[in-house]
Structures are given as structure tokens and as C-alpha cells.
Amino acid sequence: MNKKYHPTWESLKSFVSPQWLRDAKFGIYTHWGVYSVPACPPNATWYPYNMYRKGTEQYNYHVKTYGDPSKFGYKDFIPMFRAEKFDPDEWAEIFRNAGAKFAGPVAEHHDGFSMWDTAYSEWNAAKMGPKHDVVAELEKAVRKQNMKFFVALHHFENNFFYPHWHEEYDTANPEYAGLYGSPHDTGAVFDLDFGGQAKPDKAAHDKWLGKTKEIIDRFMPDAIWFDFGLRWVQEHYKREMAAYYYNKAAEAGKDVCLMYKLNDMAAGTAMIDLEEGHFDNLMHNEWITDTTVDMGGGWGYLFNAEYKSPQTILHYLIDNVSKNGYLLLNVGPKANGEIPDEAKNILSEMGKWLSMNGESIYGTSPWLYSGEGPTKQSKSGDFTENEILEYTAGDFRYTAKGDNIYAICLSWSSGEYIMKQLGLLYPDEIARVSMIGSDKPLAWTFRDNALIVESPKTKPCDYAYVLKIERKRPF
């Protein structure tokens, strides 16, 4: 293999985000695994962590529902994870109809149960539980719908996820090390920063790298997303992984993207992700947000989850795109493989809006300003999305494509739209103003250094309304 990339930050910094992602803007992924069986709040994916820790809500639920974890361990959920209604083609069609341009699964979460037929462990969905190679089946279904294929990996977190120091639990039994990880640090005080534990050893790193390379070799995902455990991967292994992925992609003639959190990769070597967050202004670098259709914390399916509104998620997408960002939206299917009706409704509504207004999102670039309006975010960064804002008819987000500017109003006006930032335009450059979904040109004028556009009489859609400003060279 002719290596374009070498495992150094200097070499990896030649990474350029793929054009397909700049055009796509919006993708969907699924948190689906053994944790979908108990489906107990407050967080589905952290159930296997909390069920072994006395005093937590999920420990109490586990004891009441299944018995003490010394008698019924996490492994005992696997036969209950049957996925009898799993239909990858249906999933992919739902995601495509929602307007997503890339999609795929969490291939392995912290729990250590692989969702593909891996050579590194018998504890996988092809051999146990569903008896499906979920990643392989979804890859085929997603690509058949002409979407790019995405994979999320959380597997390094497995090294600290289970309490190996509690000998009364199955997590300390070497017989189950393929799922729980090899017992280590017996008696240590648990610490997410490894303050009370030894850092993972060479064997753990080799297994992490081996599984990642296996995913690359078997599926060549168009994008790979890493959760926060990447920060504890020894740096040489991270660099080797990235160089391997980029070189294999170059060899296959594919443009791919790695996604990471915080400072887990060197700046400019991959794309940064904000978990349940956003930036409060236009960014010079591209970025992506991962969030979930539920009200936060669920990620996997929960039996009593509350869900966001379609408007909240669409506004989130629009806001991100205007600030040079993208949206990765999670859906948590039930253990039987069904996508919850609440999630289906959200995705259907998003698809309706994007089928009409997608030209203001797909293939666009940020404009000179991301937007304007009286409604402001007070927070920026990870875990800031819980600030749900009520937008007015004076709140706009801007995108651009060619000579067109799209002014996306986040609330309806029955009179006129006033855009101060568009006061930068010259009157002679405006060829036509219209609202997408309505064929009639709209009257416009300049007043007080603002562009004023007359509103249509009727709404063409719900949630947000796109003014299309078509321009020409003025002189």
C-alpha cells in the first residue's frame, strides 16, 4: 500500500473533510444493543454500568425486576436480546426518508458486546442474542439507499466500565472476560480519569486497534465516530489508527472522515464533535453535533422516554448548518428491532420539511454571518442543548449556495421579515425574492439599512420558513 499518511500529527493534519459530508449535513445513527432489553431510565447505555453499583436508580430497578446482580448479571440479558422484528432495509428507508444522507450503527458500546461478527470476541450479535451481523446488514441496507455508511465506536471505555474488583459479580469472572474485559485493578477505587486504576495495558490497546482495523477492512465506513474513551488511548495507537484508516480509504479511492471529542485528536487531523451541544457563533472550522431524539440521557431505547419535538431538532439542524456544523441524530430502537413510533414521527416530520426546503441545507456553505435575531444562546460547547429557545419572526439563520442566500426564519410572520444583516446587499444585485414552497415572488425593499421582505399570505410548511434571495452581479 502506497502510504499517503504517516502516523504523525504533522502528516495527519493534511486531512480534509470530504465533500460528501459538506454537502450532506445530516446523518442518523442507532444506539442498539443488549442494554435495549432493560430499557430503564435514566440512561439506557449506562445501565450495565449502574446495575452493579449500589444506590443508583438502575441498581434498585435491577434488584427489584431481575434480582441481585450477583445472581443475574448483564450477560444474562443477552438471550433476551432477540431482535425478532429487526429489518435493516426498513431502518435504512426510514432514515433516508427523514432526509439523512449518512447513517449507521454504534458498532460496540462500552458494554463490550460487538454488533458485528468479530474475530476478537465470541460475545457478538452474530453469535449470540439476535444472531445477526448487524453492522454488515446495516451497511448493505444503508448503501442500497444511496446513503454514506457511518460507524460509531465506544469500545475502549470497556476497560473501566465494569467493577472487576467486586468478586461477587460475574464481571470479575475470567470466564466472561470477552464481554466485561479482563479482571484488573481488584480493590481499586473507580475513577473515570483512571485516578484509582492502572491505565489500560498493551493487550487492551491491541484489542482496541484490532477491532477498529477489522471494522475498516470489512466495511470501509465513510465516517467513523469515536466516543470519549479515545482520550485514554495511548497516542501512538491513535495516530496509527488514523493513518491506517486514511490510507486504506485513499487506496480504495474514498473520502472519509474521523470524528472525535474534546482534545482526543490533534486539531486539524479529524473533525471535532460536540455532544448534545452547539456553538454560539459561526466557526471557521467544520464541526458536528451528536444528539438524540429523546429529551436527553436516553440514547438507547427507554420504556418511558420523553421525546423532543420535530421543531426542536430541525431548528438544531438549521442552527448548526448556519455555523459551519452538521447534525448526527441518534435513534434508539427497541430490543425487538422496532423503531419507536415517537421517533418515526419525528423523522417523518423532518423528512417532510427537508423534502421541501432541503436546498437551503444540502450542499450549502455558511454565509458571511450565521444569522441574527433577538433570541440568543447563553451557552456554547458540549452539553448545552438543554437550553430550548423560543424563536421569534425576527430570528434568522443564513446559508448560501452559488449566488443565492437562504434566510431561514425560525418563526412565522404574518406581515414582513426584517433582516438587518442583509442590509449589506446592493439593491441592484437582488434579482428575485421568494419563499420556498410558494411560487409567487415577494415584494422587498431596503429600509433603515435592512432588507424588508413581505411575507406570503399562507404558510408553505411548518417549523421554519425559507426566504430565497436570488442575486446577480450588480455592475
# chains A, B, ... in the order shown; residues from 1 in each chain; ligands from 1
$ residues_around --residues "region 407-419 of chain A" --least-positions-apart "5" --cutoff "6 Å" --atoms "only C-alpha atoms" --output "list in words"
Tyr391, Thr392, Ala393, Asp395, Phe396, Arg397, Tyr398, Ala450, Leu451, Ile452, Val453, Glu454, Ser455, Ala464, Tyr465, Val466 and Leu467 of chain A
$ select_by_dssp --residues "region 85-319 of chain A" --states "alpha helix (DSSP H)" --output "VMD selection string"
chain A and resid 88 to 97 134 to 144 158 to 161 177 to 180 202 to 219 235 to 252 310 to 319
$ closest_residue --among "A:Phe72, A:Tyr362, A:Phe383, A:Trp208" --to "Gly296 (chain A)" --atoms "only C-alpha atoms"
A:Phe383
$ residues_around --residues "Pro174 (chain A)" --least-positions-apart "6" --cutoff "12 Å" --atoms "only C-alpha atoms" --output "VMD selection string"
chain A and resid 164 167 180 to 184
$ atom_distance --atom1 "CA of Val331 (chain A)" --atom2 "CA of Ala267 (chain A)"
29.0 Å
$ atom_distance --atom1 "CA of Phe303 (chain A)" --atom2 "CA of Gly178 (chain A)"
28.6 Å
$ closest_atom_pairs --of "region 224-329 of chain A" --to "region 343-355 of chain A" --cutoff "12 Å" --atoms "only C-alpha atoms" --output "CSV"
residue,atom,partner,partner_atom,distance
A:Thr292,CA,A:Ala343,CA,9.8
A:Val293,CA,A:Ala343,CA,6.5
A:Asp294,CA,A:Ala343,CA,8.1
A:Met295,CA,A:Ala343,CA,11.5
A:Trp299,CA,A:Ala343,CA,11.8
A:Gly300,CA,A:Ala343,CA,11.8
A:Tyr301,CA,A:Ala343,CA,10.2
A:Leu302,CA,A:Ala343,CA,11.9
A:Ala305,CA,A:Ala343,CA,10.5
A:Glu306,CA,A:Ala343,CA,10.3
A:Tyr307,CA,A:Ala343,CA,7.6
A:Lys308,CA,A:Ile346,CA,8.1
A:Ser309,CA,A:Ile346,CA,6.9
A:Pro310,CA,A:Ile346,CA,5.0
A:Gln311,CA,A:Met350,CA,8.3
A:Thr312,CA,A:Ile346,CA,10.0
A:Ile313,CA,A:Met350,CA,8.2
A:Leu314,CA,A:Met350,CA,6.6
A:His315,CA,A:Met350,CA,10.3
A:Tyr316,CA,A:Met350,CA,11.5
A:Leu317,CA,A:Met350,CA,10.0
A:Ile318,CA,A:Leu354,CA,10.6
A:Leu329,CA,A:Leu347,CA,9.9
$ write_last_selection --atoms "N, CA and C atoms" --output "compact mmCIF listing (two decimals), in the first residue's frame"
# COMPACT_ATOMS: atom_id res chain seq x y z
N THR A 292 -29.79 13.23 20.42
CA THR A 292 -30.72 12.11 20.36
C THR A 292 -32.16 12.59 20.28
N VAL A 293 -33.03 11.75 19.72
CA VAL A 293 -34.42 12.15 19.54
C VAL A 293 -35.16 12.27 20.87
N ASP A 294 -34.66 11.59 21.90
CA ASP A 294 -35.32 11.72 23.20
C ASP A 294 -34.86 13.01 23.87
N MET A 295 -35.39 13.27 25.04
CA MET A 295 -35.12 14.54 25.71
C MET A 295 -33.73 14.62 26.33
N TRP A 299 -30.50 7.95 24.88
CA TRP A 299 -29.67 7.39 23.82
C TRP A 299 -30.23 6.06 23.34
N GLY A 300 -30.10 4.97 24.04
CA GLY A 300 -30.81 3.76 23.68
C GLY A 300 -32.28 3.89 24.06
N TYR A 301 -33.07 2.90 23.68
CA TYR A 301 -34.50 2.93 23.96
C TYR A 301 -34.77 2.88 25.47
N LEU A 302 -35.69 3.73 25.91
CA LEU A 302 -36.18 3.72 27.29
C LEU A 302 -37.69 3.52 27.27
N ALA A 305 -39.49 7.05 27.80
CA ALA A 305 -38.76 8.23 27.31
C ALA A 305 -39.71 9.33 26.86
N GLU A 306 -39.30 10.57 27.12
CA GLU A 306 -39.94 11.72 26.51
C GLU A 306 -39.11 12.13 25.29
N TYR A 307 -39.78 12.62 24.28
CA TYR A 307 -39.10 12.92 23.02
C TYR A 307 -39.13 14.41 22.72
N LYS A 308 -38.11 14.85 22.01
CA LYS A 308 -38.08 16.22 21.53
C LYS A 308 -39.15 16.41 20.46
N SER A 309 -39.46 17.64 20.18
CA SER A 309 -40.38 17.94 19.08
C SER A 309 -39.60 17.97 17.77
N PRO A 310 -40.27 17.70 16.64
CA PRO A 310 -39.60 17.86 15.34
C PRO A 310 -39.04 19.26 15.16
N GLN A 311 -39.76 20.27 15.65
CA GLN A 311 -39.29 21.66 15.51
C GLN A 311 -37.97 21.87 16.22
N THR A 312 -37.85 21.33 17.44
CA THR A 312 -36.60 21.49 18.20
C THR A 312 -35.42 20.92 17.43
N ILE A 313 -35.59 19.74 16.86
CA ILE A 313 -34.47 19.09 16.16
C ILE A 313 -34.19 19.78 14.84
N LEU A 314 -35.23 20.20 14.13
CA LEU A 314 -35.00 20.93 12.88
C LEU A 314 -34.31 22.27 13.12
N HIS A 315 -34.72 22.98 14.16
CA HIS A 315 -34.03 24.24 14.49
C HIS A 315 -32.58 23.98 14.84
N TYR A 316 -32.32 22.86 15.50
CA TYR A 316 -30.96 22.47 15.85
C TYR A 316 -30.12 22.24 14.60
N LEU A 317 -30.69 21.51 13.65
CA LEU A 317 -30.01 21.27 12.38
C LEU A 317 -29.73 22.58 11.65
N ILE A 318 -30.74 23.42 11.53
CA ILE A 318 -30.60 24.69 10.82
C ILE A 318 -29.54 25.56 11.47
N LEU A 329 -27.90 12.57 14.45
CA LEU A 329 -29.07 12.35 15.30
C LEU A 329 -29.21 10.87 15.65
